[in-house]
Amino acid sequence: MNKFVLRQSALLLLAATIWGVAFVAQSVGAEYVGPFTFLASRSVIGMVVLLPYIWLWDRKKGLKEVQVDRKKSIIGGVCCGCLLFIASILQQIGIQYTTVGKSGFITAMYIVLVPIVSIFLKKKAGIKIWMGVILAVCGLYFLCMTPGNISLQKGDVLTFFCAVTFSFHILVVDYYAPRIDGVKLSCIQFAVCGVLAMVGMVAFEAPSVDAVLSAWLPILYAGALSSGVAYTLQIVGQRGMNPTVASLLMSMESVISVIAGWAILGQALSGRELIGCVMMFGAIILVQL
């Protein structure tokens, strides 16, 4: 493994770690505010966190270079922001009608959908990567699904479409990441996602300042770290990486979420979940060899 691949893999795994812990923040935040309010709040914070870096970086670049970069950044940011909004809100609404484990399992199905969609975009994956995908799916099944809890519900369908949308989000990021500044792309996608979430918040919810302040800690974590840092790490980390391998690395958020639930919320790990974690780690190692 060369240093470039190792570095990019480390960035994606760090993003997955932050997202995994964010499941705890999302769970706690949902007790105080609705899905649109939570998504709008975290998106705005994610955008604000990145603005100082962009301002400092543009000062170092020439005006002409900034103007050329701006057009591509806006187009890419709008595309990524719309997909991110659809995927995030489907997941947040869907989890209200299904279990957390099933939601995590179905969401992580983008590790299967990405290579399938990539075939039509002439981005083929080798046999070793497909073996890793199969091993990861099996690991996710052991990790997230419990015996007797396999029947489809309304939330499962919503979450499946969330996984489909995340698959396209990963592929769109794969296209734009090598072409424009990753931090700008990330910042614009949060702005777009935030505006769309605010429209839904005003139309379907009645948020109060007290409710938002009560959930300030989970919202701050989800906004500053899960959105501002982790999604930027995704965009930078995907640059030059096979999108299927990138999706496998990012699917480790499911493993981290189980570990975070054990460490933070005191949720015990069963033997079945430990087997799932081992299989997931094995899949990541396999595709990196």
# chains A, B, ... in the order shown; residues from 1 in each chain; ligands from 1
>>> residues_around(residues="A:Tyr221", least_positions_apart="3", cutoff="12 Å", atoms="only C-alpha atoms", output="ChimeraX atom specification")
/A:18-26,28-29,38,41-43,45-46,49,215-218,224-230
>>> residues_around(residues="A:Gly126", least_positions_apart="5", cutoff="12 Å", atoms="only C-alpha atoms", output="MDAnalysis selection string")
chainID A and resid 115 119 131:133 242 244:245 286:287
>>> atom_distance(atom1="atom CA of A:Thr107", atom2="atom CA of A:Ala206")
27.9 Å
>>> closest_residue(among="A:Ile170, A:Leu11, A:Gly34, A:Cys80", to="A:Ile188", atoms="only C-alpha atoms")
A:Cys80
>>> residues_around(residues="A:Leu135", least_positions_apart="4", cutoff="8 Å", atoms="only C-alpha atoms", output="ChimeraX atom specification")
/A:131,139,279-280,282-283
>>> closest_residue(among="A:Ile95, A:Ala191, A:Ile127, A:Val112", to="A:Pro35", atoms="only C-alpha atoms")
A:Ile95
>>> atom_distance(atom1="atom CA of A:Phe85", atom2="atom CA of A:Ile134")
28.2 Å
>>> residues_around(residues="A:Ile74", least_positions_apart="6", cutoff="9 Å", atoms="only C-alpha atoms", output="ChimeraX atom specification")
/A:184-185,188-189
>>> atom_distance(atom1="atom CA of A:Leu171", atom2="atom CA of A:Met252")
18.1 Å
>>> residues_around(residues="A:Gly237", least_positions_apart="4", cutoff="12 Å", atoms="only C-alpha atoms", output="count of residues only")
33
>>> closest_residue(among="A:Gly81, A:Gly271, A:Gly240, A:Gly261", to="A:Thr165", atoms="only C-alpha atoms")
A:Gly81
